[in-house]
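For reference, input-v2.csv (CSV, C-alpha atoms):
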```csv
chain,number,residue,atom,x,y,z
A,1,MET,CA,-20.5,-18.1,-7.4
A,2,VAL,CA,-22.5,-15.0,-6.5
A,3,LEU,CA,-21.5,-11.6,-7.9
A,4,ALA,CA,-22.4,-8.4,-5.9
A,5,LEU,CA,-22.6,-5.2,-7.8
A,6,SER,CA,-23.1,-1.5,-6.9
A,7,SER,CA,-22.5,1.7,-8.7
A,8,CYS,CA,-19.8,3.0,-6.4
A,9,ARG,CA,-19.0,0.5,-3.6
A,10,THR,CA,-18.7,-3.2,-3.4
A,11,SER,CA,-20.7,-5.6,-1.2
A,12,TYR,CA,-19.2,-8.9,-0.2
A,13,LEU,CA,-20.7,-12.2,1.0
A,14,SER,CA,-20.2,-13.1,4.6
A,15,ARG,CA,-17.0,-15.2,5.1
A,16,PRO,CA,-15.7,-17.6,4.0
A,17,PRO,CA,-16.1,-16.5,0.4
A,18,ARG,CA,-14.3,-18.4,-2.4
A,19,LEU,CA,-14.1,-15.3,-4.5
A,20,GLY,CA,-15.2,-11.8,-4.3
A,21,PHE,CA,-15.3,-9.2,-7.1
A,22,ILE,CA,-15.1,-5.5,-7.3
A,23,VAL,CA,-16.5,-4.6,-10.7
A,24,ARG,CA,-15.2,-1.5,-12.4
A,25,PRO,CA,-15.0,-0.5,-16.1
A,26,SER,CA,-14.2,-3.5,-18.1
A,27,HIS,CA,-11.5,-1.7,-20.1
A,28,GLN,CA,-9.5,-0.9,-17.1
A,29,PHE,CA,-9.8,-2.7,-13.8
A,30,LEU,CA,-10.0,-6.2,-12.3
A,31,SER,CA,-9.9,-7.0,-8.7
A,32,PHE,CA,-11.0,-9.7,-6.4
A,33,LEU,CA,-10.3,-11.2,-2.9
A,34,LEU,CA,-8.1,-14.2,-2.8
A,35,CYS,CA,-8.1,-16.6,0.2
A,36,PRO,CA,-4.8,-18.4,0.5
A,37,GLY,CA,-4.7,-21.9,-0.9
A,38,LEU,CA,-7.8,-21.6,-3.1
A,39,GLN,CA,-7.8,-22.5,-6.7
A,40,ILE,CA,-8.9,-19.5,-8.7
A,41,PRO,CA,-10.9,-19.9,-12.0
A,42,ARG,CA,-10.3,-17.9,-15.1
A,43,LEU,CA,-11.8,-14.5,-14.5
A,44,SER,CA,-14.2,-12.5,-16.6
A,45,VAL,CA,-14.7,-8.8,-15.9
A,46,LEU,CA,-18.2,-7.2,-16.2
A,47,CYS,CA,-19.0,-3.6,-16.7
A,48,ALA,CA,-20.9,-2.0,-13.8
A,49,GLN,CA,-20.3,1.7,-14.4
A,50,ARG,CA,-18.7,3.9,-17.0
A,51,ARG,CA,-16.3,6.9,-16.7
A,52,PRO,CA,-17.4,10.2,-18.1
A,53,ARG,CA,-17.0,10.2,-21.9
A,54,ALA,CA,-14.0,12.7,-21.6
A,55,MET,CA,-12.2,10.1,-19.5
A,56,ALA,CA,-12.8,7.1,-21.8
A,57,ILE,CA,-9.7,5.0,-22.5
A,58,SER,CA,-9.3,2.8,-25.5
A,59,SER,CA,-6.5,0.6,-24.0
A,60,SER,CA,-7.3,-3.1,-23.5
A,61,SER,CA,-7.3,-3.9,-19.8
A,62,TRP,CA,-5.1,-6.9,-20.5
A,63,GLU,CA,-2.3,-4.6,-21.8
A,64,LEU,CA,-2.1,-2.7,-18.5
A,65,PRO,CA,0.2,-3.7,-15.7
A,66,LEU,CA,-1.3,-5.6,-12.8
A,67,VAL,CA,-0.5,-5.0,-9.1
A,68,ALA,CA,-1.4,-7.1,-6.1
A,69,VAL,CA,-2.1,-5.7,-2.7
A,70,CYS,CA,-1.6,-8.1,0.2
A,71,GLN,CA,-3.5,-8.1,3.5
A,72,VAL,CA,-2.1,-10.0,6.4
A,73,THR,CA,-2.3,-10.4,10.2
A,74,SER,CA,1.3,-10.3,11.5
A,75,THR,CA,2.2,-11.7,14.9
A,76,PRO,CA,5.5,-11.8,16.8
A,77,ASP,CA,6.4,-15.0,14.9
A,78,LYS,CA,8.6,-13.9,12.0
A,79,GLN,CA,8.8,-17.2,10.2
A,80,GLU,CA,5.1,-17.8,10.2
A,81,ASN,CA,4.6,-14.2,9.0
A,82,PHE,CA,7.0,-14.9,6.1
A,83,LYS,CA,5.2,-18.1,5.1
A,84,THR,CA,1.9,-16.2,4.9
A,85,CYS,CA,3.4,-13.3,2.9
A,86,ALA,CA,5.3,-15.7,0.6
A,87,GLU,CA,2.1,-17.6,-0.2
A,88,LEU,CA,0.3,-14.4,-1.2
A,89,VAL,CA,3.3,-13.2,-3.2
A,90,ARG,CA,3.5,-16.5,-5.1
A,91,GLU,CA,-0.2,-16.4,-5.8
A,92,ALA,CA,0.1,-12.8,-7.0
A,93,ALA,CA,2.9,-13.9,-9.4
A,94,ARG,CA,0.8,-16.8,-10.7
A,95,LEU,CA,-2.0,-14.5,-11.4
A,96,GLY,CA,0.2,-12.2,-13.5
A,97,ALA,CA,1.0,-9.3,-11.1
A,98,CYS,CA,4.3,-7.6,-11.8
A,99,LEU,CA,4.5,-5.9,-8.3
A,100,ALA,CA,3.1,-7.0,-5.0
A,101,PHE,CA,2.6,-4.6,-2.0
A,102,LEU,CA,3.0,-5.8,1.6
A,103,PRO,CA,1.8,-3.8,4.6
A,104,GLU,CA,3.6,-2.0,7.3
A,105,ALA,CA,5.1,-4.4,9.8
A,106,PHE,CA,4.9,-7.3,7.4
A,107,ASP,CA,7.8,-8.8,9.2
A,108,PHE,CA,6.2,-8.9,12.7
A,109,ILE,CA,4.1,-7.0,15.2
A,110,ALA,CA,5.5,-7.3,18.7
A,111,ARG,CA,3.8,-7.0,22.1
A,112,ASP,CA,5.9,-4.2,23.4
A,113,PRO,CA,8.9,-1.9,22.5
A,114,ALA,CA,11.4,-4.3,24.1
A,115,GLU,CA,10.2,-7.2,21.9
A,116,THR,CA,10.2,-4.9,18.8
A,117,LEU,CA,13.9,-4.1,19.4
A,118,ARG,CA,14.8,-7.7,20.1
A,119,LEU,CA,13.1,-9.0,16.9
A,120,SER,CA,14.5,-6.3,14.6
A,121,GLU,CA,17.2,-6.9,12.0
A,122,PRO,CA,19.5,-5.0,9.7
A,123,LEU,CA,18.7,-4.7,6.0
A,124,GLY,CA,21.4,-7.3,5.4
A,125,GLY,CA,19.9,-9.8,7.8
A,126,ASN,CA,18.3,-13.2,7.2
A,127,LEU,CA,14.7,-12.1,6.8
A,128,LEU,CA,15.3,-9.6,4.1
A,129,GLY,CA,17.5,-12.2,2.4
A,130,GLU,CA,14.5,-14.5,2.2
A,131,TYR,CA,12.4,-11.7,0.6
A,132,THR,CA,15.2,-11.1,-1.9
A,133,GLN,CA,15.2,-14.7,-2.9
A,134,LEU,CA,11.3,-14.7,-3.1
A,135,ALA,CA,11.4,-11.7,-5.5
A,136,ARG,CA,13.9,-13.5,-7.7
A,137,GLU,CA,12.0,-16.8,-7.5
A,138,CYS,CA,8.7,-15.1,-8.5
A,139,GLY,CA,10.1,-12.6,-10.9
A,140,LEU,CA,8.2,-9.7,-9.6
A,141,TRP,CA,8.9,-6.5,-7.7
A,142,LEU,CA,8.1,-6.3,-4.0
A,143,SER,CA,7.0,-3.3,-1.9
A,144,LEU,CA,7.9,-4.3,1.7
A,145,GLY,CA,5.9,-1.7,3.5
A,146,GLY,CA,7.5,-1.3,6.8
A,147,PHE,CA,10.6,-3.3,7.9
A,148,HIS,CA,11.8,-3.0,11.5
A,149,GLU,CA,15.4,-2.0,10.5
A,150,ARG,CA,18.4,-1.8,12.7
A,151,GLY,CA,20.3,1.0,11.0
A,152,GLN,CA,23.9,1.8,11.0
A,153,ASP,CA,23.4,3.8,14.2
A,154,TRP,CA,21.9,0.9,16.1
A,155,GLU,CA,24.9,0.5,18.5
A,156,GLN,CA,24.7,4.2,19.5
A,157,THR,CA,20.9,4.7,19.6
A,158,GLN,CA,19.5,1.2,20.4
A,159,LYS,CA,16.5,2.3,18.3
A,160,ILE,CA,15.3,1.3,14.9
A,161,TYR,CA,13.8,2.7,11.7
A,162,ASN,CA,10.4,1.9,10.2
A,163,CYS,CA,11.8,1.3,6.7
A,164,HIS,CA,9.8,0.8,3.4
A,165,VAL,CA,12.0,-1.3,1.1
A,166,LEU,CA,11.4,-1.7,-2.6
A,167,LEU,CA,12.9,-4.7,-4.3
A,168,ASP,CA,13.1,-5.3,-8.1
A,169,ASN,CA,12.4,-8.6,-9.8
A,170,LYS,CA,16.0,-9.6,-9.4
A,171,GLY,CA,15.8,-9.1,-5.6
A,172,SER,CA,17.9,-6.0,-5.6
A,173,VAL,CA,17.1,-3.1,-3.2
A,174,VAL,CA,16.2,-0.2,-5.5
A,175,ALA,CA,14.9,2.2,-2.8
A,176,THR,CA,14.4,2.6,0.9
A,177,TYR,CA,12.3,5.2,2.7
A,178,ARG,CA,12.4,5.6,6.5
A,179,LYS,CA,9.1,6.7,8.0
A,180,THR,CA,9.3,10.4,8.8
A,181,HIS,CA,6.1,10.9,10.8
A,182,LEU,CA,6.0,8.7,13.9
A,183,CYS,CA,2.7,7.7,15.3
A,184,ASP,CA,2.7,9.0,18.9
A,185,VAL,CA,-1.0,9.2,19.7
A,186,GLU,CA,-3.6,8.3,22.3
A,187,ILE,CA,-7.0,7.5,20.8
A,188,PRO,CA,-9.8,6.7,23.3
A,189,GLY,CA,-11.0,3.1,22.7
A,190,GLN,CA,-7.9,2.2,20.7
A,191,GLY,CA,-5.1,2.3,23.2
A,192,PRO,CA,-1.9,4.4,23.2
A,193,MET,CA,0.6,4.2,20.4
A,194,HIS,CA,4.1,5.6,21.1
A,195,GLU,CA,6.2,4.6,18.0
A,196,SER,CA,9.0,6.9,19.1
A,197,ASN,CA,9.7,4.6,22.1
A,198,SER,CA,11.5,2.3,19.8
A,199,THR,CA,11.8,4.1,16.5
A,200,ILE,CA,13.8,7.0,15.0
A,201,PRO,CA,12.1,9.3,12.4
A,202,GLY,CA,13.7,9.1,9.0
A,203,PRO,CA,15.7,12.2,7.9
A,204,SER,CA,14.3,12.7,4.3
A,205,LEU,CA,11.9,11.7,1.6
A,206,GLU,CA,12.8,9.3,-1.2
A,207,SER,CA,12.5,10.5,-4.8
A,208,PRO,CA,9.8,8.6,-6.8
A,209,VAL,CA,11.2,5.3,-8.3
A,210,SER,CA,10.5,4.1,-11.8
A,211,THR,CA,8.9,0.6,-11.8
A,212,PRO,CA,7.1,-1.6,-14.4
A,213,VAL,CA,3.8,0.0,-13.2
A,214,GLY,CA,4.9,3.7,-13.1
A,215,LYS,CA,6.8,6.0,-10.8
A,216,ILE,CA,6.2,5.1,-7.2
A,217,GLY,CA,6.4,7.5,-4.2
A,218,LEU,CA,7.1,5.7,-0.9
A,219,ALA,CA,5.4,6.5,2.3
A,220,ILE,CA,4.1,4.6,5.4
A,221,CYS,CA,0.8,4.7,7.3
A,222,TYR,CA,0.7,7.8,9.5
A,223,ASP,CA,2.4,9.7,6.7
A,224,MET,CA,-1.0,9.8,4.9
A,225,ARG,CA,-2.2,12.5,7.4
A,226,PHE,CA,0.3,14.9,6.0
A,227,PRO,CA,-0.6,16.1,2.5
A,228,GLU,CA,2.6,18.1,2.2
A,229,LEU,CA,4.4,14.8,1.8
A,230,SER,CA,2.1,13.5,-1.0
A,231,LEU,CA,2.2,16.8,-2.8
A,232,ALA,CA,6.0,16.8,-2.7
A,233,LEU,CA,6.1,13.3,-4.2
A,234,ALA,CA,3.6,14.2,-6.8
A,235,GLN,CA,5.5,17.3,-7.9
A,236,ALA,CA,8.7,15.1,-8.0
A,237,GLY,CA,6.9,12.9,-10.6
A,238,ALA,CA,5.1,10.2,-8.6
A,239,GLU,CA,2.2,8.5,-10.4
A,240,ILE,CA,1.5,6.0,-7.6
A,241,LEU,CA,1.6,6.7,-3.9
A,242,THR,CA,2.0,3.9,-1.4
A,243,TYR,CA,0.7,3.9,2.2
A,244,PRO,CA,1.4,0.4,3.7
A,245,SER,CA,-0.3,0.6,7.0
A,246,ALA,CA,-1.5,-0.9,10.3
A,247,PHE,CA,-4.5,1.3,11.1
A,248,GLY,CA,-6.3,0.9,14.4
A,249,SER,CA,-9.9,-0.2,15.0
A,250,VAL,CA,-11.1,3.4,15.9
A,251,THR,CA,-9.3,5.5,13.4
A,252,GLY,CA,-9.7,2.9,10.6
A,253,PRO,CA,-13.5,3.2,10.1
A,254,ALA,CA,-13.4,7.0,10.6
A,255,HIS,CA,-10.4,8.0,8.5
A,256,TRP,CA,-8.8,5.2,6.5
A,257,GLU,CA,-10.7,5.4,3.2
A,258,VAL,CA,-11.4,9.2,3.4
A,259,LEU,CA,-7.6,10.0,3.7
A,260,LEU,CA,-6.6,7.6,1.0
A,261,ARG,CA,-9.2,9.0,-1.5
A,262,ALA,CA,-8.2,12.5,-0.5
A,263,ARG,CA,-4.5,11.9,-1.2
A,264,ALA,CA,-5.5,10.3,-4.6
A,265,ILE,CA,-7.7,13.2,-5.6
A,266,GLU,CA,-5.4,16.1,-4.6
A,267,THR,CA,-2.3,14.6,-6.2
A,268,GLN,CA,-4.1,12.9,-9.1
A,269,CYS,CA,-2.1,9.7,-8.4
A,270,TYR,CA,-3.0,6.1,-7.9
A,271,VAL,CA,-2.9,5.3,-4.2
A,272,VAL,CA,-2.0,1.7,-3.1
A,273,ALA,CA,-2.6,0.9,0.6
A,274,ALA,CA,-1.7,-2.6,1.8
A,275,ALA,CA,-3.0,-3.1,5.4
A,276,GLN,CA,-2.7,-5.2,8.4
A,277,CYS,CA,-5.9,-6.8,9.6
A,278,GLY,CA,-7.4,-8.6,12.6
A,279,ARG,CA,-5.9,-9.4,16.0
A,280,HIS,CA,-2.1,-9.7,16.1
A,281,HIS,CA,-2.0,-10.7,19.8
A,282,GLU,CA,-3.8,-9.8,23.1
A,283,LYS,CA,-2.6,-6.1,22.9
A,284,ARG,CA,-3.3,-5.1,19.4
A,285,ALA,CA,-5.6,-5.4,16.4
A,286,SER,CA,-5.8,-3.7,13.0
A,287,TYR,CA,-8.5,-2.5,10.7
A,288,GLY,CA,-7.6,-4.0,7.4
A,289,HIS,CA,-9.5,-2.9,4.3
A,290,SER,CA,-6.5,-2.8,1.9
A,291,MET,CA,-7.4,-0.9,-1.2
A,292,VAL,CA,-6.3,0.8,-4.5
A,293,VAL,CA,-7.7,4.2,-5.3
A,294,ASP,CA,-7.5,5.7,-8.8
A,295,PRO,CA,-6.6,9.4,-9.5
A,296,TRP,CA,-10.3,10.2,-9.8
A,297,GLY,CA,-10.8,9.0,-6.2
A,298,THR,CA,-12.6,5.8,-7.0
A,299,VAL,CA,-11.8,2.7,-4.9
A,300,VAL,CA,-11.0,0.2,-7.7
A,301,ALA,CA,-9.8,-2.7,-5.5
A,302,HIS,CA,-10.6,-3.6,-1.9
A,303,CYS,CA,-10.0,-6.5,0.5
A,304,PRO,CA,-12.8,-7.2,2.9
A,305,GLU,CA,-12.1,-8.9,6.3
A,306,GLY,CA,-9.2,-11.3,6.8
A,307,PRO,CA,-5.9,-12.1,5.1
A,308,GLY,CA,-5.9,-12.2,1.3
A,309,LEU,CA,-5.1,-10.0,-1.7
A,310,CYS,CA,-6.8,-7.8,-4.2
A,311,LEU,CA,-5.6,-6.9,-7.7
A,312,ALA,CA,-5.9,-3.8,-9.9
A,313,ARG,CA,-4.6,-2.7,-13.2
A,314,ILE,CA,-2.7,0.6,-13.4
A,315,ASP,CA,-3.7,2.8,-16.3
A,316,LEU,CA,-1.2,5.7,-16.7
A,317,ARG,CA,-2.9,6.9,-19.9
A,318,TYR,CA,-6.0,7.5,-17.8
A,319,LEU,CA,-3.9,9.3,-15.2
A,320,ARG,CA,-2.3,11.6,-17.8
A,321,GLN,CA,-5.6,12.3,-19.5
A,322,LEU,CA,-7.2,13.2,-16.1
A,323,ARG,CA,-4.3,15.6,-15.3
A,324,GLN,CA,-4.8,17.2,-18.8
A,325,HIS,CA,-8.5,17.7,-18.3
A,326,LEU,CA,-8.1,18.9,-14.7
A,327,PRO,CA,-4.7,20.6,-14.5
A,328,VAL,CA,-4.7,21.5,-10.8
A,329,PHE,CA,-1.0,21.7,-10.4
A,330,GLU,CA,-0.9,24.5,-13.1
A,331,HIS,CA,-3.6,26.4,-11.2
A,332,ARG,CA,-1.8,26.6,-7.8
A,333,ARG,CA,-1.2,30.0,-6.3
A,334,PRO,CA,2.0,29.9,-4.3
A,335,ASP,CA,2.1,33.7,-4.3
A,336,LEU,CA,-0.9,33.6,-2.0
A,337,TYR,CA,-0.2,30.6,0.3
A,338,GLY,CA,3.3,29.5,-0.4
A,339,THR,CA,4.3,26.1,-1.7
A,340,LEU,CA,2.9,23.1,0.1
A,341,GLY,CA,5.1,20.2,-0.3
A,342,HIS,CA,8.3,21.6,-1.7
A,343,PRO,CA,9.6,19.6,-4.7
A,344,LEU,CA,12.3,17.1,-3.8
A,345,PRO,CA,15.8,18.0,-4.7
```
Any chance you could give the structure as structure tokens?
Amino acid sequence: MVLALSSCRTSYLSRPPRLGFIVRPSHQFLSFLLCPGLQIPRLSVLCAQRRPRAMAISSSSWELPLVAVCQVTSTPDKQENFKTCAELVREAARLGACLAFLPEAFDFIARDPAETLRLSEPLGGNLLGEYTQLARECGLWLSLGGFHERGQDWEQTQKIYNCHVLLDNKGSVVATYRKTHLCDVEIPGQGPMHESNSTIPGPSLESPVSTPVGKIGLAICYDMRFPELSLALAQAGAEILTYPSAFGSVTGPAHWEVLLRARAIETQCYVVAAAQCGRHHEKRASYGHSMVVDPWGTVVAHCPEGPGLCLARIDLRYLRQLRQHLPVFEHRRPDLYGTLGHPLP
């Protein structure tokens, strides 16, 4: 096994790697790439860089909750997609994660709006029932990052919602957020995206949800371009922001990491972004590069190319200490520029 180290970013071996590490402070973070089906040895964590002394934390890394971020290549085949996701979720549970994040469109990525509508299901349908059973079987929480939901208004609208569903470890739905910013864009070299052809924007934000890893604020993909949303969630108590995504091949290299790190820094939250990757069918491909960013803006877990998962430990003591040392929310001047991201009711 070869270990690649750098002070800020991680280099990976060319595929197919058995195991890839991102090395961060040994008292806090552990992450690696998992290829489905491989046997993973016991892990040791090395120290490649240190936080400033003011940010030092005494907690043992093994006391901190572990999250798994799954990266997949969805196709129009819902059952094959479920098999892939279930394999990663089971491996995440075996490795000790208490919450696994799946990307936007984890259920399927269709070839056109008509196929999207045909394959969609209500929240009470068979597919979500399978994920409910999976959460119970594995005993961990699931962030289902973007489910093609036939809502209660399906008969009238014949359109769906892009719904982020949060399940607890008993399989119960504890929160749903319907994507409020729809991606209707035309990027040269990437192809047009008109999400509103099949999807209705959600009417509201969801208050942050208490989980075993902290208070989670739910968002989806294109939402990351709107800092008002992340600020509203942070002011409502969010400690972790989630952006399950399916970024394109042009916007991905240019904007993906920059936006995620910006959202983490400005809100002083962890940011967890599970992503679609690779070619889904002849009409569409996604950028990948799933990652976790800490409140300082450091990428602490990252998946390279291809399906797999990465792991990170969430250190809320570090988050609170950072907010104490850099109290930006106390320094805001709404008298000058108004309140960006009004607190949620």
Pick from A:Ala312, A:Cys303, A:Cys277, A:Val165: nearest to Gly96 (chain A), with all atoms listed in the file counted?
->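 Smallest distance to Gly96 (chain A) is found for A:Ala312.
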Would you kindly return, as a PyMOL selection string, each protein, DNA or RNA residue with an atom no farther than 8 Å from any atom of Leu99 (chain A), considering only C-alpha atoms and excluding same-chain residues fewer than 2 positions away?
-> chain A and resi 66-68+97+101+140-143+212-213
Considering only C-alpha atoms, return as number ranges by chain whatever protein or nucleic-acid residues lie within 12 Å of Ser172 (chain A), sequence-local ones (same chain, fewer than 2 positions apart) excluded.
-> A: 123-124, 128-129, 131-136, 139-143, 165-170, 174-176
Compare A:Gly214, A:Glu228, A:Ala273, A:Thr116 by their minimum atom-to-atom distance to Ser198 (chain A), counting all atoms listed in the file, and give me the closest one.
->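 For Ser198 (chain A), the nearest of the given residues is A:Thr116.
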Hey, can you check how far CA of His255 (chain A) sits from CA of Ala100 (chain A)?
-> 24.3 Å
For CA of Thr73 (chain A) and CA of Gly248 (chain A), quote the distance in Å rounded to one decimal.
->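 Computed distance, CA of Thr73 (chain A) to CA of Gly248 (chain A), equals 12.7 Å.
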Neighbours of Ser120 (chain A) within 8 Å (only C-alpha atoms; same-chain residues fewer than 6 positions away dropped), as a count of residues only?
-> 4
Do you know which residues lie at most 10 Å from (-2.0, 9.4, -14.0), with coordinates as in the file and all atoms listed in the file counted, and could you write them as a ChimeraX atom specification?
-> /A:214-215,238-240,267-270,294-296,314-324
I'd like a table as JSON lines: residues in region 88-127 of chain A with an atom no more than 12 Å from region 192-196 of chain A, each row giving the shortest atom pair and its distance in Å to one decimal, only C-alpha atoms counted, sorted by chain and rising residue number.
```
{"residue": "A:Ala110", "atom": "CA", "partner": "A:Glu195", "partner_atom": "CA", "distance": 11.9}
{"residue": "A:Arg111", "atom": "CA", "partner": "A:Met193", "partner_atom": "CA", "distance": 11.8}
{"residue": "A:Asp112", "atom": "CA", "partner": "A:His194", "partner_atom": "CA", "distance": 10.2}
{"residue": "A:Pro113", "atom": "CA", "partner": "A:Glu195", "partner_atom": "CA", "distance": 8.4}
{"residue": "A:Ala114", "atom": "CA", "partner": "A:Glu195", "partner_atom": "CA", "distance": 12.0}
{"residue": "A:Thr116", "atom": "CA", "partner": "A:Glu195", "partner_atom": "CA", "distance": 10.3}
{"residue": "A:Leu117", "atom": "CA", "partner": "A:Glu195", "partner_atom": "CA", "distance": 11.7}
```
Given the choices A:Ala262, A:Leu64, A:Ala301, A:Val272, which gets closest to Ile216 (chain A) if the distance is worked out from all atoms listed in the file?
-> A:Val272
Extract, using only C-alpha atoms, all DNA, RNA and protein residues at most 10 Å from Cys163 (chain A), discarding same-chain residues fewer than 4 positions from it, and format them as a list of chain:residue names.
->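 Answer for this query is A:Glu104, A:Ala105, A:Leu123, A:Leu144, A:Gly145, A:Gly146, A:Phe147, A:His148, A:Glu149, A:Arg150, A:Gly151, A:Thr176, A:Tyr177, A:Arg178, A:Lys179, A:Thr180, A:Pro201, A:Gly202, A:Leu218, A:Ala219, A:Ile220.
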May I ask which of the residues A:Lys159, A:Ala236, A:Gly288, A:Leu229 is the closest one to Ser204 (chain A), counting all atoms listed in the file?
-> A:Leu229
Can you tell me how far CA of Val173 (chain A) sits from CA of Val72 (chain A), in Å to one decimal?
->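 These atoms are spaced 22.5 Å apart.
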A:Val300, A:Ala86, A:Phe106, A:Glu121: which is nearest Ala274 (chain A), counting all atoms listed in the file?
-> A:Phe106
Nearest to Glu206 (chain A), restricted to only C-alpha atoms and choosing among A:Pro327, A:Arg90, A:Leu233, A:Gly191, comes out as A:Leu233
For Gln276 (chain A): contacts at 10 Å, only C-alpha atoms, fewer than 3 positions along chain excluded, given as an MDAnalysis selection string = chainID A and resid 70:74 102:106 109 244:248 273 279:280 285:290 306:307
Could you complete region 306-318 of chain A so that it carries N, CA and C atoms, and give it back as a PDB file, in the coordinates of the input?
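Saved to rebuild_0.pdb:
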```
ATOM      1  N   GLY A 306     -10.093 -10.183   6.803  1.00  0.00           N
ATOM      2  CA  GLY A 306      -9.200 -11.300   6.800  1.00  0.00           C
ATOM      3  C   GLY A 306      -8.070 -11.250   5.810  1.00  0.00           C
ATOM      4  N   PRO A 307      -7.069 -12.113   6.011  1.00  0.00           N
ATOM      5  CA  PRO A 307      -5.900 -12.100   5.100  1.00  0.00           C
ATOM      6  C   PRO A 307      -6.327 -12.492   3.671  1.00  0.00           C
ATOM      7  N   GLY A 308      -5.615 -11.941   2.709  1.00  0.00           N
ATOM      8  CA  GLY A 308      -5.900 -12.200   1.300  1.00  0.00           C
ATOM      9  C   GLY A 308      -5.217 -11.176   0.434  1.00  0.00           C
ATOM     10  N   LEU A 309      -5.686 -11.050  -0.798  1.00  0.00           N
ATOM     11  CA  LEU A 309      -5.100 -10.000  -1.700  1.00  0.00           C
ATOM     12  C   LEU A 309      -6.197  -9.540  -2.645  1.00  0.00           C
ATOM     13  N   CYS A 310      -5.971  -8.324  -3.160  1.00  0.00           N
ATOM     14  CA  CYS A 310      -6.800  -7.800  -4.200  1.00  0.00           C
ATOM     15  C   CYS A 310      -5.869  -7.339  -5.349  1.00  0.00           C
ATOM     16  N   LEU A 311      -6.416  -7.272  -6.550  1.00  0.00           N
ATOM     17  CA  LEU A 311      -5.600  -6.900  -7.700  1.00  0.00           C
ATOM     18  C   LEU A 311      -6.261  -5.722  -8.435  1.00  0.00           C
ATOM     19  N   ALA A 312      -5.414  -4.897  -9.050  1.00  0.00           N
ATOM     20  CA  ALA A 312      -5.900  -3.800  -9.900  1.00  0.00           C
ATOM     21  C   ALA A 312      -4.923  -3.548 -11.006  1.00  0.00           C
ATOM     22  N   ARG A 313      -5.432  -3.048 -12.123  1.00  0.00           N
ATOM     23  CA  ARG A 313      -4.600  -2.700 -13.200  1.00  0.00           C
ATOM     24  C   ARG A 313      -4.347  -1.159 -13.197  1.00  0.00           C
ATOM     25  N   ILE A 314      -3.104  -0.772 -13.438  1.00  0.00           N
ATOM     26  CA  ILE A 314      -2.700   0.600 -13.400  1.00  0.00           C
ATOM     27  C   ILE A 314      -2.699   1.200 -14.788  1.00  0.00           C
ATOM     28  N   ASP A 315      -3.508   2.221 -15.005  1.00  0.00           N
ATOM     29  CA  ASP A 315      -3.700   2.800 -16.300  1.00  0.00           C
ATOM     30  C   ASP A 315      -3.093   4.227 -16.327  1.00  0.00           C
ATOM     31  N   LEU A 316      -1.842   4.357 -16.732  1.00  0.00           N
ATOM     32  CA  LEU A 316      -1.200   5.700 -16.700  1.00  0.00           C
ATOM     33  C   LEU A 316      -1.707   6.581 -17.809  1.00  0.00           C
ATOM     34  N   ARG A 317      -2.238   6.025 -18.877  1.00  0.00           N
ATOM     35  CA  ARG A 317      -2.900   6.900 -19.900  1.00  0.00           C
ATOM     36  C   ARG A 317      -4.072   7.599 -19.313  1.00  0.00           C
ATOM     37  N   TYR A 318      -4.846   6.893 -18.519  1.00  0.00           N
ATOM     38  CA  TYR A 318      -6.000   7.500 -17.800  1.00  0.00           C
ATOM     39  C   TYR A 318      -5.515   8.611 -16.902  1.00  0.00           C
TER      40      TYR A 318
END
```
